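Worksheet: the structure to be examined is printed underneath.
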Amino acid sequence: MGVLLCSLVVLALVCQSHRSDSSLHRFKRYQEGPQSGPSDCTRGIQPPVVMANSHNFSLDVRMPGVSPTASDSYLCVAVPVPTSRDAYIVDFVPHASMDTAHHMLLYGCRTPVSTTGYWDCGSAQGTCEDDGAIMYAWARNAPPTKLPRDVGFKVGGKSKITYFVLQIHYGDISGFRDHHKDCSGLTLRMTSKPQPFIAGMYLMMSVDTIIPPGSRVTNADIACEYESYPMYPFAFRTHTHSLGQVVSGYRIRDGKWTLIGRQSPQLPQAFYAATQGVDVRYGDTIAARCVFTGEGRTSKTYIGGTSNDEMCNFYIMYYMDSKHADPFMDCMQDGSKELFRHIPSEANVPIPVSPDNMMTMMHSGHHATGHQDDRTLLEPKRAEEEMLDQGDFYSLLSKFLGESKDVVHVHKYNPSEALRAQAELVAQIDSIMQKKDLGWPSPRLGFGDREDAILVRDRVHKFHQLEATVRPPGSKLGIPASNAAATEAGAQKQGYHLEEVMDWPENPLQLGQVSGLALDSDNNLVIFQRGDHQWGVNSFDNQARYQQRSLGPIQQSTILVIDPVKGNVLKASGRNIFYLPHGITTDAHNNYWVTDVALHQVFKVGNNKPLVVLGEAFEPGSDKEHFCKPTDVAVDTMTGNVYISDGYCNARVLKFSPEGKYLSHWGAGSSDRRRRLPFRIPHSLAFLPDRRELCVADRENGRIQCFVAESGEFVKEIKKEEFGEEVFAIAYTPAHGGLIYAVNGESPYGRSAPLSGFVINYSSKEILDTYSPDSQEFKMPHDIVVNKDGAVFVGDAASDTVIKFTSEKAEHRSVKKGGIEVQEIEGKAAGSLNLGNFFATHKGYSRQGFDRLSTEGSDQEKDDEDATDSENEEYSAPPPPVPSSTS
């Protein structure tokens with residue numbers, strides 16, 4: 001079992017690691033390094049890299065003539081990705097026979113266990129030093145795998161995958177007694193042309209099912225709410241061991257169950273075409289059921305990794321828009337009895353499989369073996385071929401989990417003389433891929449002189465762009481006024497006064513305290529909210545130490561991506577990470593930079609996991625390694641440098657590199673050198689990209705101060721009577737010569753001005769417009785952003801709302817809902833899963849203190865009588881409406 005579990009441990013997202021060697025040097029070392037000794041299978045294999053044309057090439061990944069010495073051996077070999085630029089795998093062509101190899105897996109990682117020769121990877125050392133991502137799986141003579149057009153697996157470049165690791169499981173090795181050498185492997189068809197869609201896998205898995213002995217029917221039900229960007233299933237795979245009768249997977253939307261796929265797990269472990277036209281969006285539920293029988297067993301059967309255990313897995317192969325792709329997602333939650341009362345009756349009907357049928361499918365002519373003529377690699381795919389009919393792509397985890405050994409028959413390779421690979425080919429590939437404009441006359445891609453497989457594959461989608469055409473405020477905005485009333489009147493006269501959008505969002509958002517707002521690269525609104533946690537008078541002691549750690553982190557999704565036009569939730573993340581969220585911004589790669597005042601930390605979050613963590617958890621401080629209730633983050637769009645306002649205890653702004661290295665810090669400036677007031681809660685930051693400045697909302701001083709971002713040199717101060725004594729948040733847009741958007745707040749210490757939003761001319765410091773909602777009053781406007789369309793969003797921490805404002809003369813034209821229409825068919829950690837550790841520990845699984853929730857108070861360290869506890873035990877926003885077929 002240990003060997004089997006080790007093979008599962010590496011199923012996780014590819015993590016960051018650092019290597020200094022270039023891809024070309026890595027590949028040259030691979031070519032010149034030690035391979036196998038004399039063997040009859042290393043002769044005649046084509047060069048590792050074959051250039052088809054200026055865009056396309058293929059890479060051979062094979063065992064270097066190995067002879068396993070023990071049954072159930074796991075052997076691995078690493079092959080470097082032959083380019084440092086982005087590349088995409090679009091097809092996998094296996095070269096193996098089930099008579100020799102029980103199964104093979106291809107991993108992608110940055111740091112393999114070894115880069116010379118092959119090694120035993122069934123032991124504790126495994127395949128990759130970092131987390132590896134399984135990219136391909138083969139078993140039982142599965143045919144070549146065909147991906148939909150415009151879909152690929154990204155490697156090299158920014159993917160962090162610099163090596164492929166081929167792992168082959170040799171079952172019964174009696175056929176190797178005559179020192180037979182094996183060169184099983186596969187060919188990767190690759191292209192340098194960016195693919196608009198990235199493939200991935202969604203794994204549904206039951207972990208606690210118990211099958212009673214002699215039971216006729218036992219159901220294992222799995223269900224999870226989907227919380228990411230739209231995914232589009234195009235294939236599915238089922239897996240159990242010998243007791244499984246049928247496995248079915250569904251999408252549930254508005255109470256309606258739609259089949260994704262249904263199959264007998266006793267048929268060959270293959271991926272089959274999913275139901276056409278099924279997409280999965282935020283708010284949908286994905287559900288699966290495995291039907292077992294315990295007949296013939298004399299003891300209970302548990303989920304596990306041996307042949308005496310069982311498994312219940314449903315795999316969904318999907319593609320996503322490359323901008324938002326998650327390569328791996330999983331669901332291991334038991335489905336409720338109430339939910340599964342409505343499952344279609346078909347899910348409970350076993351699919352009979354006769355032994356003759358199984359043997360026919362396993363040994364039919366539709367398979368690829370070591371006898372395959374490698375010249376067929378250059379043949380184009382036929383457009384009429386049925387994709388994925390018998391494909392075994394991504395048959396990971398399941399095929400080798402506890403199944404009985406195959407009766408292995410010796411299969412010997414007899415290829416011709418091996419050809420040494422030429423390093424010049426690799427250099428040619430890397431050179432071509434570095435060219436920005438290659439200038440080749442034909443836009444078509446092709447292997448050799450034939451039409452490329454990428455172009456002849458069936459099209460599976462049609463993209464509809466999201467079109468939001470809200471007109472920004474006009475150029476006549478800059479009119480001076482001496483007070484808020486005059487300013488508003490002037491703005492209204494000119495026709496560009498900001499007004500609340502009364503019907504936004506179309507469906508109510510269920511939010512806790514809204515602490516931060518940001519925008520992503522697609523102009524979507526990003527909300528940072530506290531779920532059912534609040535900040536109260538008892539949250540901190542006199543040393544600013546958080547007093548309610550035992551309550552655990554927020555279980556609800558704290559980061560929500562919102563459609564700015566409709567107000568629908570597009571994606572949710574950030575569960576079980578934060579205690580008291582505060583500020584948020586995004587960088588050029590759509591990573592989130594956030595602050596948590598309870599943890600006294602700053603995080604860079606990508607793929608739903610922290611990538612950079614600054615500060616020490618729950619330890620306030622004022623040195624370079626500690627913060628005290630940090631409030632906000634801003635990112636330099638050119639350099640990537642990060643600025644942090646710190647905060648409720650410290651009166652400073654700190655500057656860090658994109659990797660989190662401390663660079664400098666500074667305090668407040670002053671326009672009057674004789675009266676230099678320090679910051680009193682630097683609460684919000686805005687980076688001015690056109691001016692290379694950083695502006696700070698100095699909350700308790702009721703002012704805005706701006707600095708040269710590079711040096712911290714003071715530039716200017718904006719302080720107005722209309723602000724009162726509080727400026728809570730600011731935002732900036734370069735439009736109309738530079739506008740600052742601000743919101744004020746009530747002062748617990750002195751005079752307060754009416755709560756309003758302000759539009760301020762950066763150069764003249766004049767207030768051009770004031771605005772407030774009509775449907776309600778501002779209670780604690782806590783953060784503000786303005787998007788590319790001129791729409792302004794204000795998050796109110798006391799009313800748990802986000803309010804949208806636009807110019808009353810802005811025209812809203814018809815909007816196309818973003819999505820994909822599937823025509824012909826037939827996945828900053830969402831996360832990683834270490835199944836080896838999981839199987840070993842899931843009975844006593846610990847969430848490391850992330851156990852229960854409570855409610856805390858707001859930013860003000862005083863009781864707020866107006867604030868109310870959220871009634872939500874779990875965040876649950878209404879699902880977005882299904883787009884019409886004409887959108």
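In the structure tokens, each chain is lettered A, B, ... as it comes, each chain's residues begin at 1, and ligands are numbered from 1 in order of appearance.
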Practice item. Can you pull out every residue within 7 Å of range 709-712 of chain A, counting only C-alpha atoms, but drop anything in the same chain fewer than 5 positions away, and send it as a PyMOL selection string? Key: chain A and resi 666+692-694
Could you save those same residues with N, CA, C and O atoms as an mmCIF file, in the first residue's frame?
data_model
loop_
_atom_site.group_PDB
_atom_site.id
_atom_site.type_symbol
_atom_site.label_atom_id
_atom_site.label_comp_id
_atom_site.auth_asym_id
_atom_site.auth_seq_id
_atom_site.Cartn_x
_atom_site.Cartn_y
_atom_site.Cartn_z
ATOM 1 N N TRP A 666 8.328 55.049 5.198
ATOM 2 C CA TRP A 666 8.298 56.466 5.549
ATOM 3 C C TRP A 666 7.029 56.796 6.316
ATOM 4 O O TRP A 666 6.074 56.021 6.329
ATOM 5 N N ARG A 692 3.296 58.277 -11.048
ATOM 6 C CA ARG A 692 4.268 57.523 -10.239
ATOM 7 C C ARG A 692 4.243 58.000 -8.795
ATOM 8 O O ARG A 692 5.258 58.180 -8.146
ATOM 9 N N GLU A 693 3.034 58.186 -8.272
ATOM 10 C CA GLU A 693 2.860 58.640 -6.900
ATOM 11 C C GLU A 693 1.984 57.665 -6.120
ATOM 12 O O GLU A 693 1.250 56.859 -6.709
ATOM 13 N N LEU A 694 2.061 57.776 -4.807
ATOM 14 C CA LEU A 694 1.221 56.989 -3.904
ATOM 15 C C LEU A 694 0.483 57.961 -2.998
ATOM 16 O O LEU A 694 1.112 58.786 -2.323
#
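For the set A:Tyr229, A:Tyr732, A:Phe340, A:Phe153, the residue with the smallest atom-to-atom gap to Leu188 in chain A is A:Phe153, counting only C-alpha atoms.
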Check your understanding: Taking into account only C-alpha atoms, which residue in the set A:Arg289, A:His589, A:Lys804, A:Arg253 is nearest to Ser206 in chain A?
Key ->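 Nearest to Ser206 in chain A: A:Arg289.
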Can you tell me, as a CSV table (one decimal) with all heavy atoms, in the first residue's frame, which residues in range 655-684 of chain A count as strand (DSSP E) by DSSP?
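That gives us out-v5.csv:
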chain,number,residue,atom,x,y,z
A,655,LYS,N,7.5,49.8,1.9
A,655,LYS,CA,7.6,49.4,0.5
A,655,LYS,C,8.4,48.0,0.5
A,655,LYS,O,9.4,47.9,1.1
A,655,LYS,CB,8.4,50.5,-0.2
A,655,LYS,CG,8.7,50.2,-1.7
A,655,LYS,CD,9.5,51.3,-2.3
A,655,LYS,CE,10.0,51.1,-3.7
A,655,LYS,NZ,10.8,52.2,-4.2
A,656,PHE,N,7.8,47.1,-0.4
A,656,PHE,CA,8.4,45.8,-0.5
A,656,PHE,C,8.6,45.5,-2.0
A,656,PHE,O,7.8,46.0,-2.8
A,656,PHE,CB,7.6,44.7,0.1
A,656,PHE,CG,7.6,44.8,1.6
A,656,PHE,CD1,6.7,45.6,2.3
A,656,PHE,CD2,8.4,43.9,2.4
A,656,PHE,CE1,6.7,45.7,3.7
A,656,PHE,CE2,8.4,44.0,3.8
A,656,PHE,CZ,7.5,44.9,4.4
A,662,TYR,N,11.8,43.5,1.9
A,662,TYR,CA,11.7,44.9,2.5
A,662,TYR,C,12.6,45.8,1.7
A,662,TYR,O,13.8,45.5,1.5
A,662,TYR,CB,12.0,44.9,4.0
A,662,TYR,CG,12.2,46.3,4.5
A,662,TYR,CD1,11.0,47.1,4.9
A,662,TYR,CD2,13.4,46.9,4.6
A,662,TYR,CE1,11.2,48.4,5.4
A,662,TYR,CE2,13.6,48.2,5.1
A,662,TYR,CZ,12.4,48.9,5.5
A,662,TYR,OH,12.6,50.2,6.0
A,663,LEU,N,12.1,47.0,1.3
A,663,LEU,CA,12.9,48.0,0.6
A,663,LEU,C,13.0,49.3,1.4
A,663,LEU,O,14.1,49.8,1.6
A,663,LEU,CB,12.3,48.3,-0.7
A,663,LEU,CG,12.1,47.1,-1.7
A,663,LEU,CD1,11.4,47.5,-3.0
A,663,LEU,CD2,13.5,46.6,-2.0
A,664,SER,N,11.9,49.9,1.9
A,664,SER,CA,12.0,51.1,2.7
A,664,SER,C,10.7,51.4,3.4
A,664,SER,O,9.7,50.6,3.2
A,664,SER,CB,12.3,52.3,1.7
A,664,SER,OG,11.3,52.5,0.8
A,665,HIS,N,10.6,52.5,4.1
A,665,HIS,CA,9.4,52.9,4.7
A,665,HIS,C,9.5,54.4,5.0
A,665,HIS,O,10.6,55.0,5.1
A,665,HIS,CB,9.0,52.1,6.0
A,665,HIS,CG,9.8,52.4,7.2
A,665,HIS,ND1,11.0,51.8,7.4
A,665,HIS,CD2,9.6,53.3,8.2
A,665,HIS,CE1,11.5,52.3,8.6
A,665,HIS,NE2,10.7,53.2,9.1
A,666,TRP,N,8.3,55.0,5.2
A,666,TRP,CA,8.3,56.5,5.5
A,666,TRP,C,7.0,56.8,6.3
A,666,TRP,O,6.1,56.0,6.3
A,666,TRP,CB,8.4,57.3,4.3
A,666,TRP,CG,7.3,57.3,3.3
A,666,TRP,CD1,6.1,58.0,3.4
A,666,TRP,CD2,7.2,56.5,2.1
A,666,TRP,NE1,5.3,57.7,2.4
A,666,TRP,CE2,5.9,56.8,1.6
A,666,TRP,CE3,8.0,55.6,1.5
A,666,TRP,CZ2,5.5,56.2,0.4
A,666,TRP,CZ3,7.6,55.1,0.3
A,666,TRP,CH2,6.3,55.4,-0.2
A,682,PRO,N,-3.2,55.6,8.8
A,682,PRO,CA,-3.2,55.5,7.3
A,682,PRO,C,-4.0,54.3,6.9
A,682,PRO,O,-3.7,53.2,7.1
A,682,PRO,CB,-1.7,55.3,7.0
A,682,PRO,CG,-1.1,54.7,8.3
A,682,PRO,CD,-1.9,55.2,9.4
A,683,HIS,N,-5.2,54.6,6.3
A,683,HIS,CA,-6.3,53.6,6.2
A,683,HIS,C,-6.4,53.1,4.8
A,683,HIS,O,-6.9,52.0,4.6
A,683,HIS,CB,-7.6,54.3,6.7
A,683,HIS,CG,-8.7,53.3,6.9
A,683,HIS,ND1,-9.7,53.1,6.0
A,683,HIS,CD2,-8.9,52.4,8.0
A,683,HIS,CE1,-10.6,52.2,6.5
A,683,HIS,NE2,-10.1,51.8,7.7
A,684,SER,N,-6.1,53.9,3.8
A,684,SER,CA,-6.3,53.4,2.4
A,684,SER,C,-5.2,54.0,1.5
A,684,SER,O,-4.7,55.1,1.8
A,684,SER,CB,-7.7,53.9,2.0
A,684,SER,OG,-7.9,53.7,0.6
Check your understanding: Got a sec to tell me which of range 190-365 of chain A DSSP assigns to helix (DSSP H, G or I), as a PyMOL selection string?
Key -> chain A and resi 322-324+337-340+345-348+355-362
Review point. Of the residues A:Pro64, A:Pro781, A:Gly255, A:Pro196, which is the one nearest to Ile286 in chain A, using only C-alpha atoms?
Key: A:Gly255
Check your understanding: Quick one: residues within 9 Å of Phe578 in chain A, only C-alpha atoms counted, chain neighbours fewer than 6 positions away excluded, as a list in words?
Key ->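 Selected residues are Arg530, Gly552, Pro553, Ile554, Gln555, Thr558, Thr595, Asp596, Ala598 and Leu599 of chain A.
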Exercise for review: Excluding His324 in chain A and any residue of its chain fewer than 2 positions from it, enumerate the residues within 12 Å of it, using only C-alpha atoms, and give them as a PyMOL selection string.
Suggested key: chain A and resi 196-200+228-231+319-322+326-327+520-522+561+570-571+589-591+606-607+827-828+830
Review point. Within 12 Å of Pro505 in chain A, counting only C-alpha atoms, which residues qualify if same-chain residues fewer than 5 places away don't, as number ranges by chain?
Key: A: 500, 510, 525, 562-569, 793, 801-805, 877-878, 880
**Study point:** Spatial neighbours of Arg85 in chain A, max dist 6 Å, only C-alpha atoms, sep filter under 2 positions, as a PyMOL selection string
**Key:** chain A and resi 83+156-157
Check your understanding: So which residues touch Cys76 in chain A within 8 Å, counting only C-alpha atoms, skipping near sequence neighbours fewer than 4 positions away, as number ranges by chain?
Key -> A: 63, 118-121, 127, 165-168
